[in-house]
Amino acid sequence: MYNFLISFYAIGIWIASWFSKKARKMIVGQRKTFGILKKNITKDDRVVWFHAASLGEFEQGRPIMERVRRNHPELKILLTFFSPSGYEVRKDYKGADVVCYLPFDVDVNVHMFLKYAHPEIALFIKYEFWYKFLSKAHKHGCKLYSVSSIFRPTQYFFTWLGRHQLRALYQFDHFFVQNQQSKELLAKNGIHHVTVTGDTRFDRVLDIRKASQELPLVEQFCSGKRTFIAGSSWEPDEDIYIPYFAHHRDWKIIIAPHVIGESHLKKIEKQLNDNGFSYVRYTDLERRHQASLSLGGEADVLIVDCFGKLSSIYRYATVALVGGGFGAGIHNVPEAAVYGIPVLFGPNNKKFMEAQELLRVGASFEYTDAESFASLMDRFISDEAYLHEAGEKASTYITKNAGAADVVYDAVFGNL
């Protein structure tokens, strides 16, 4: 059954590659994997393998990778991605020696991958439990660890239909999970080599805050005014917050879309025009600065039409919104909360433990429609003490829950 499902999935991606640019990148990238491994890994290298499904999991694994790089230069770090949205952004990441796609979990791919990579330690970040990769790596003597994983009873391998898939979890030498519920669920299924560490994402966002850049163009745009920042923004979010701020023109707005494509940018600009906003794109600000022209500080809205700025831009927020809550799920809430600001997000947040905890302590807030969004923002605008209290709770929660990366690093690499 497993072989059939993987083969069916691979064929589906191959067919999709005829029509989807993302799927095509995945297929082409996987074809290059073995060549990359052969070129960059020798038989004498001691390889540590980090696997991240996509960009979010990479950010969770990054604090551990950086500790390995700093303290064990004799080890070669291999980083694999399954999704193009992770690989295409981080294929040039300097913290790893080798970056490539993980090919589909079929016998020939597994054999070739392990032959060329021959990892002695592997860390799978949060999700993705490919049975053949795990079982064959385990048989080859590779130590396997699951990091920042979180488990729920509704997950496929805990249902009657997916019980055979539970075998993948039995291959791990140790689990470093985010919460006690995950530990108890694993114990019910006969897995007891588990440590509750929390989420390494908190360590990462603290590192990001320490390394965050001052952005003079953004600071000049904000002009000392209260600023609302929509990070990883999607259209359903924009349909709510843009009309709201048409009635609160004393605020500056910064929109960092999740999809930075011209069609989405044009839709944002049309909606801003319809609501009477003036706006400027970040790349236009840069061009104006280079040409010694006016920087557009008079604009109401700054549209961030480039990558790599958002984590530093959050430092200028009075209130932040993290998008995705009306789609597949919210994006990186701690990345904003670490700056000590209240964070708003849509209703699809139940699978994100950090979001649930920030809701519980009163540092983050869920909105489901324009009315609930307006109610939250009206309270922040009218009650300065309430706004500052929520921000302090956010900062305290992030700081208090950091440290997972050190625990994992010490357990896995402390005795090397």
# chains A, B, ... in the order shown; residues from 1 in each chain; ligands from 1
$ closest_atom_pairs --of "segment 378-413 of chain A" --to "segment 106-129 of chain A" --cutoff "12 Å" --atoms "only C-alpha atoms" --output "CSV"
residue,atom,partner,partner_atom,distance
A:Ala405,CA,A:Ile125,CA,11.8
A:Val408,CA,A:Leu123,CA,10.1
A:Tyr409,CA,A:Leu123,CA,10.8
A:Val412,CA,A:Ile121,CA,8.6
A:Phe413,CA,A:Ile121,CA,9.4
$ write_last_selection --atoms "N, CA and C atoms" --output "short mmCIF file (atom, residue, chain, number, x, y, z; two decimals), in the first residue's frame"
data_model
loop_
_atom_site.label_atom_id
_atom_site.label_comp_id
_atom_site.auth_asym_id
_atom_site.auth_seq_id
_atom_site.Cartn_x
_atom_site.Cartn_y
_atom_site.Cartn_z
N ALA A 405 16.68 24.72 21.38
CA ALA A 405 17.82 24.42 20.50
C ALA A 405 19.03 23.96 21.30
N VAL A 408 18.41 20.29 22.51
CA VAL A 408 18.59 19.31 21.43
C VAL A 408 20.07 19.19 21.07
N TYR A 409 20.73 20.32 20.91
CA TYR A 409 22.15 20.29 20.53
C TYR A 409 22.98 19.52 21.56
N VAL A 412 22.25 15.69 21.37
CA VAL A 412 22.67 14.99 20.16
C VAL A 412 24.16 15.13 19.90
N PHE A 413 24.71 16.31 20.14
CA PHE A 413 26.09 16.60 19.73
C PHE A 413 27.03 16.84 20.91
#
$ residues_around --residues "segment 22-24 of chain A" --least-positions-apart "4" --cutoff "12 Å" --atoms "only C-alpha atoms" --output "CSV table (one decimal) with N, CA and C atoms, in the first residue's frame"
chain,number,residue,atom,x,y,z
A,9,TYR,N,1.6,9.3,-5.9
A,9,TYR,CA,1.9,10.7,-5.6
A,9,TYR,C,3.0,11.2,-6.5
A,10,ALA,N,4.0,10.5,-6.8
A,10,ALA,CA,5.1,10.9,-7.6
A,10,ALA,C,4.6,11.1,-9.1
A,11,ILE,N,3.8,10.2,-9.5
A,11,ILE,CA,3.2,10.4,-10.9
A,11,ILE,C,2.3,11.6,-10.9
A,12,GLY,N,1.6,11.9,-9.9
A,12,GLY,CA,0.7,13.1,-9.8
A,12,GLY,C,1.5,14.3,-9.9
A,13,ILE,N,2.7,14.4,-9.2
A,13,ILE,CA,3.6,15.6,-9.2
A,13,ILE,C,4.1,15.7,-10.6
A,14,TRP,N,4.5,14.6,-11.2
A,14,TRP,CA,5.1,14.6,-12.6
A,14,TRP,C,4.1,15.2,-13.6
A,15,ILE,N,2.8,14.7,-13.5
A,15,ILE,CA,1.8,15.3,-14.4
A,15,ILE,C,1.6,16.8,-14.1
A,16,ALA,N,1.5,17.1,-12.8
A,16,ALA,CA,1.3,18.5,-12.5
A,16,ALA,C,2.4,19.4,-13.0
A,17,SER,N,3.6,18.8,-13.1
A,17,SER,CA,4.8,19.6,-13.6
A,17,SER,C,4.6,20.2,-15.0
A,18,TRP,N,3.7,19.5,-15.8
A,18,TRP,CA,3.4,20.0,-17.1
A,18,TRP,C,2.7,21.4,-17.1
A,28,VAL,N,12.6,18.9,-11.5
A,28,VAL,CA,13.9,19.2,-12.1
A,28,VAL,C,14.9,19.1,-10.9
A,29,GLY,N,14.6,19.7,-9.8
A,29,GLY,CA,15.5,19.8,-8.7
A,29,GLY,C,15.8,18.4,-8.1
A,30,GLN,N,14.9,17.5,-8.1
A,30,GLN,CA,15.1,16.1,-7.6
A,30,GLN,C,16.1,15.4,-8.5
A,31,ARG,N,16.0,15.7,-9.8
A,31,ARG,CA,16.9,15.0,-10.8
A,31,ARG,C,18.3,15.4,-10.6
A,82,PHE,N,11.9,19.2,0.8
A,82,PHE,CA,11.0,18.5,-0.1
A,82,PHE,C,10.2,19.5,-1.0
A,83,SER,N,9.9,20.7,-0.4
A,83,SER,CA,9.1,21.6,-1.2
A,83,SER,C,10.0,22.7,-1.9
A,84,PRO,N,9.6,23.1,-3.1
A,84,PRO,CA,10.3,24.2,-3.8
A,84,PRO,C,10.3,25.5,-3.0
A,85,SER,N,9.2,25.7,-2.2
A,85,SER,CA,9.1,27.0,-1.5
A,85,SER,C,10.2,27.1,-0.4
A,86,GLY,N,10.8,26.0,0.0
A,86,GLY,CA,11.9,26.0,0.9
A,86,GLY,C,13.2,26.0,0.2
A,87,TYR,N,13.4,25.1,-0.8
A,87,TYR,CA,14.6,24.9,-1.5
A,87,TYR,C,15.0,26.2,-2.3
A,88,GLU,N,14.0,26.7,-3.0
A,88,GLU,CA,14.3,27.9,-3.9
A,88,GLU,C,14.8,29.1,-3.1
$ residues_around --residues "Thr200 of chain A" --least-positions-apart "5" --cutoff "8 Å" --atoms "only C-alpha atoms" --output "ChimeraX atom specification"
/A:60-61,63,148,402-405
$ residues_around --residues "Thr227 of chain A" --least-positions-apart "6" --cutoff "9 Å" --atoms "only C-alpha atoms" --output "list in words"
Trp251, Lys252, Ile253, Ile254, Tyr316, Ala317, Thr318, Val319 and Ala320 of chain A
$ closest_residue --among "A:Ser375, A:Thr33, A:Gln155, A:Thr195" --to "Lys351 of chain A" --atoms "only C-alpha atoms"
A:Gln155
$ atom_distance --atom1 "atom CA of Lys309 of chain A" --atom2 "atom CA of Ala256 of chain A"
8.8 Å
$ closest_residue --among "A:Ile381, A:Ala230, A:Ala337, A:Ile303" --to "Glu262 of chain A" --atoms "only C-alpha atoms"
A:Ile303
$ closest_residue --among "A:Phe151, A:Phe175, A:Phe158, A:Tyr339" --to "Ala411 of chain A" --atoms "only C-alpha atoms"
A:Phe175
$ select_by_dssp --residues "segment 8-157 of chain A" --states "helix (DSSP H, G or I)" --output "NGL selection string"
:A and (8-16 or 21-31 or 33-40 or 55-71 or 84-90 or 107-117 or 131-139 or 156-157)
$ residues_around --residues "Phe307 of chain A" --least-positions-apart "6" --cutoff "12 Å" --atoms "only C-alpha atoms" --output "list of chain:residue names"
A:Val89, A:Arg90, A:Gly231, A:Ser232, A:Ala256, A:Pro257, A:His258, A:Val259, A:Ile260, A:Gly261, A:Tyr282, A:Thr283, A:Ile313
$ write_last_selection --atoms "N, CA and C atoms" --output "PDB file, in the first residue's frame"
ATOM      1  N   VAL A  89      14.280  29.243  -1.905  1.00  0.00           N
ATOM      2  CA  VAL A  89      14.660  30.393  -1.084  1.00  0.00           C
ATOM      3  C   VAL A  89      15.997  30.169  -0.386  1.00  0.00           C
ATOM      4  N   ARG A  90      16.276  28.927   0.012  1.00  0.00           N
ATOM      5  CA  ARG A  90      17.445  28.657   0.847  1.00  0.00           C
ATOM      6  C   ARG A  90      18.503  27.763   0.198  1.00  0.00           C
ATOM      7  N   GLY A 231       2.046  41.080   7.878  1.00  0.00           N
ATOM      8  CA  GLY A 231       3.107  40.212   7.385  1.00  0.00           C
ATOM      9  C   GLY A 231       2.550  38.949   6.775  1.00  0.00           C
ATOM     10  N   SER A 232       3.159  38.494   5.672  1.00  0.00           N
ATOM     11  CA  SER A 232       2.681  37.310   4.939  1.00  0.00           C
ATOM     12  C   SER A 232       1.197  37.447   4.629  1.00  0.00           C
ATOM     13  N   ALA A 256       3.316  43.392   3.685  1.00  0.00           N
ATOM     14  CA  ALA A 256       4.319  42.474   3.140  1.00  0.00           C
ATOM     15  C   ALA A 256       3.580  41.230   2.650  1.00  0.00           C
ATOM     16  N   PRO A 257       3.214  41.154   1.378  1.00  0.00           N
ATOM     17  CA  PRO A 257       2.419  40.029   0.874  1.00  0.00           C
ATOM     18  C   PRO A 257       3.183  38.709   0.974  1.00  0.00           C
ATOM     19  N   HIS A 258       2.431  37.639   1.202  1.00  0.00           N
ATOM     20  CA  HIS A 258       3.061  36.316   1.189  1.00  0.00           C
ATOM     21  C   HIS A 258       3.494  35.965  -0.224  1.00  0.00           C
ATOM     22  N   VAL A 259       2.656  36.277  -1.181  1.00  0.00           N
ATOM     23  CA  VAL A 259       2.974  36.037  -2.588  1.00  0.00           C
ATOM     24  C   VAL A 259       3.374  37.370  -3.213  1.00  0.00           C
ATOM     25  N   ILE A 260       4.650  37.490  -3.531  1.00  0.00           N
ATOM     26  CA  ILE A 260       5.127  38.731  -4.148  1.00  0.00           C
ATOM     27  C   ILE A 260       5.151  38.527  -5.657  1.00  0.00           C
ATOM     28  N   GLY A 261       3.979  38.583  -6.219  1.00  0.00           N
ATOM     29  CA  GLY A 261       3.824  38.494  -7.670  1.00  0.00           C
ATOM     30  C   GLY A 261       3.122  39.739  -8.158  1.00  0.00           C
ATOM     31  N   TYR A 282       8.393  49.279  -1.782  1.00  0.00           N
ATOM     32  CA  TYR A 282       9.703  49.367  -1.137  1.00  0.00           C
ATOM     33  C   TYR A 282      10.820  49.528  -2.172  1.00  0.00           C
ATOM     34  N   THR A 283      10.738  48.806  -3.271  1.00  0.00           N
ATOM     35  CA  THR A 283      11.802  48.915  -4.279  1.00  0.00           C
ATOM     36  C   THR A 283      11.823  50.310  -4.905  1.00  0.00           C
ATOM     37  N   ILE A 313      11.396  44.391   9.611  1.00  0.00           N
ATOM     38  CA  ILE A 313      10.354  45.418   9.542  1.00  0.00           C
ATOM     39  C   ILE A 313       9.421  45.352  10.741  1.00  0.00           C
TER      40      ILE A 313
END
$ select_by_dssp --residues "segment 114-347 of chain A" --states "strand (DSSP E or B)" --output "VMD selection string"
chain A and resid 119 to 125 143 to 149 174 to 177 194 to 196 227 to 233 252 to 257 279 to 281 301 to 303 319 to 322 343 to 345
$ write_last_selection --atoms "N, CA and C atoms" --output "short mmCIF file (atom, residue, chain, number, x, y, z; two decimals), in the first residue's frame"
data_model
loop_
_atom_site.label_atom_id
_atom_site.label_comp_id
_atom_site.auth_asym_id
_atom_site.auth_seq_id
_atom_site.Cartn_x
_atom_site.Cartn_y
_atom_site.Cartn_z
N PRO A 119 24.89 9.60 5.88
CA PRO A 119 24.85 10.40 7.11
C PRO A 119 25.06 9.53 8.35
N GLU A 120 25.71 10.08 9.36
CA GLU A 120 25.83 9.36 10.63
C GLU A 120 24.80 9.87 11.64
N ILE A 121 24.29 11.06 11.43
CA ILE A 121 23.23 11.64 12.26
C ILE A 121 22.23 12.31 11.33
N ALA A 122 20.93 12.14 11.59
CA ALA A 122 19.89 12.80 10.80
C ALA A 122 18.86 13.41 11.73
N LEU A 123 18.50 14.64 11.43
CA LEU A 123 17.48 15.33 12.21
C LEU A 123 16.35 15.75 11.27
N PHE A 124 15.17 15.19 11.50
CA PHE A 124 13.98 15.55 10.73
C PHE A 124 13.21 16.60 11.54
N ILE A 125 12.96 17.75 10.92
CA ILE A 125 12.38 18.88 11.63
C ILE A 125 10.86 18.88 11.53
N LYS A 143 21.97 7.63 13.31
CA LYS A 143 21.15 8.02 14.45
C LYS A 143 20.08 9.00 13.97
N LEU A 144 18.83 8.71 14.31
CA LEU A 144 17.70 9.49 13.79
C LEU A 144 17.00 10.23 14.93
N TYR A 145 16.75 11.52 14.70
CA TYR A 145 16.10 12.36 15.70
C TYR A 145 14.98 13.16 15.06
N SER A 146 13.88 13.28 15.78
CA SER A 146 12.77 14.14 15.36
C SER A 146 12.79 15.37 16.26
N VAL A 147 12.83 16.55 15.65
CA VAL A 147 13.03 17.81 16.39
C VAL A 147 11.83 18.73 16.22
N SER A 148 11.40 19.32 17.33
CA SER A 148 10.26 20.25 17.33
C SER A 148 9.01 19.61 16.74
N SER A 149 8.88 18.31 16.88
CA SER A 149 7.70 17.63 16.36
C SER A 149 6.52 17.83 17.30
N HIS A 174 15.28 9.12 19.04
CA HIS A 174 14.72 10.00 20.07
C HIS A 174 13.85 11.06 19.43
N PHE A 175 12.82 11.47 20.17
CA PHE A 175 11.94 12.56 19.77
C PHE A 175 12.12 13.73 20.73
N PHE A 176 12.26 14.93 20.16
CA PHE A 176 12.25 16.16 20.94
C PHE A 176 10.97 16.91 20.54
N VAL A 177 9.95 16.79 21.37
CA VAL A 177 8.62 17.26 20.99
C VAL A 177 8.30 18.61 21.63
N VAL A 194 11.36 10.00 24.46
CA VAL A 194 10.80 11.30 24.12
C VAL A 194 11.18 12.33 25.18
N THR A 195 11.55 13.52 24.74
CA THR A 195 11.82 14.65 25.64
C THR A 195 11.00 15.85 25.19
N VAL A 196 10.32 16.48 26.13
CA VAL A 196 9.58 17.70 25.83
C VAL A 196 10.53 18.88 25.93
N THR A 227 1.97 52.33 13.63
CA THR A 227 2.12 51.59 12.38
C THR A 227 1.52 50.20 12.49
N PHE A 228 0.70 49.85 11.53
CA PHE A 228 0.11 48.51 11.42
C PHE A 228 0.86 47.76 10.33
N ILE A 229 1.41 46.59 10.69
CA ILE A 229 2.18 45.80 9.72
C ILE A 229 1.46 44.47 9.47
N ALA A 230 1.14 44.22 8.22
CA ALA A 230 0.53 42.96 7.81
C ALA A 230 1.61 42.10 7.17
N GLY A 231 2.05 41.08 7.88
CA GLY A 231 3.11 40.21 7.38
C GLY A 231 2.55 38.95 6.77
N SER A 232 3.16 38.49 5.67
CA SER A 232 2.68 37.31 4.94
C SER A 232 1.20 37.45 4.63
N SER A 233 0.83 38.59 4.11
CA SER A 233 -0.56 38.96 3.89
C SER A 233 -1.17 38.25 2.69
N LYS A 252 0.07 54.57 9.89
CA LYS A 252 0.80 54.10 8.72
C LYS A 252 0.55 52.60 8.56
N ILE A 253 0.56 52.13 7.34
CA ILE A 253 0.33 50.71 7.06
C ILE A 253 1.49 50.18 6.22
N ILE A 254 2.00 49.02 6.62
CA ILE A 254 3.01 48.32 5.83
C ILE A 254 2.46 46.95 5.48
N ILE A 255 2.43 46.64 4.20
CA ILE A 255 1.90 45.36 3.73
C ILE A 255 3.05 44.55 3.11
N ALA A 256 3.32 43.39 3.69
CA ALA A 256 4.32 42.47 3.14
C ALA A 256 3.58 41.23 2.65
N PRO A 257 3.21 41.15 1.38
CA PRO A 257 2.42 40.03 0.87
C PRO A 257 3.18 38.71 0.97
N TYR A 279 0.22 55.22 -1.78
CA TYR A 279 1.11 54.10 -1.45
C TYR A 279 2.40 54.21 -2.24
N VAL A 280 3.37 53.42 -1.77
CA VAL A 280 4.66 53.35 -2.45
C VAL A 280 5.22 51.94 -2.24
N ARG A 281 5.89 51.42 -3.25
CA ARG A 281 6.55 50.12 -3.11
C ARG A 281 7.95 50.31 -2.51
N VAL A 301 0.68 54.05 2.75
CA VAL A 301 0.95 52.61 2.77
C VAL A 301 2.28 52.31 2.08
N LEU A 302 3.05 51.44 2.71
CA LEU A 302 4.29 50.92 2.11
C LEU A 302 4.06 49.45 1.76
N ILE A 303 4.24 49.11 0.50
CA ILE A 303 4.10 47.72 0.03
C ILE A 303 5.49 47.12 -0.11
N VAL A 319 1.09 47.37 16.02
CA VAL A 319 0.28 46.14 16.00
C VAL A 319 0.63 45.40 14.72
N ALA A 320 0.71 44.08 14.80
CA ALA A 320 1.00 43.28 13.61
C ALA A 320 -0.12 42.30 13.31
N LEU A 321 -0.24 41.98 12.06
CA LEU A 321 -1.13 40.91 11.60
C LEU A 321 -0.26 39.88 10.87
N VAL A 322 -0.52 38.61 11.13
CA VAL A 322 0.17 37.53 10.41
C VAL A 322 -0.87 36.80 9.58
N VAL A 343 -0.29 40.55 18.25
CA VAL A 343 -0.35 39.97 16.91
C VAL A 343 -1.75 39.44 16.64
N LEU A 344 -2.31 39.82 15.52
CA LEU A 344 -3.63 39.36 15.10
C LEU A 344 -3.49 38.32 13.98
N PHE A 345 -4.44 37.38 13.93
CA PHE A 345 -4.44 36.40 12.84
C PHE A 345 -5.83 35.81 12.68
#
$ atom_distance --atom1 "atom CA of Lys266 of chain A" --atom2 "atom CA of Phe365 of chain A"
28.9 Å
$ residues_around --residues "Ala370 of chain A" --least-positions-apart "6" --cutoff "12 Å" --atoms "only C-alpha atoms" --output "list in words"
Pro236, Asp237, Glu238, Asp239, Ile240, Tyr241, Ile242, Pro243, Tyr244, Phe245, Gly346, Leu376, Met377 and Asp378 of chain A
$ atom_distance --atom1 "atom CA of Leu102 of chain A" --atom2 "atom CA of Lys76 of chain A"
17.0 Å
$ closest_residue --among "A:Glu298, A:Thr197, A:Phe34, A:Val205" --to "Cys222 of chain A" --atoms "only C-alpha atoms"
A:Glu298
$ closest_residue --among "A:Gln271, A:Ser292, A:Gln220, A:Ser395" --to "Pro334 of chain A" --atoms "only C-alpha atoms"
A:Ser395
$ closest_residue --among "A:Leu206, A:Ile41, A:Ile64, A:Ala168" --to "Val98 of chain A" --atoms "only C-alpha atoms"
A:Ile41
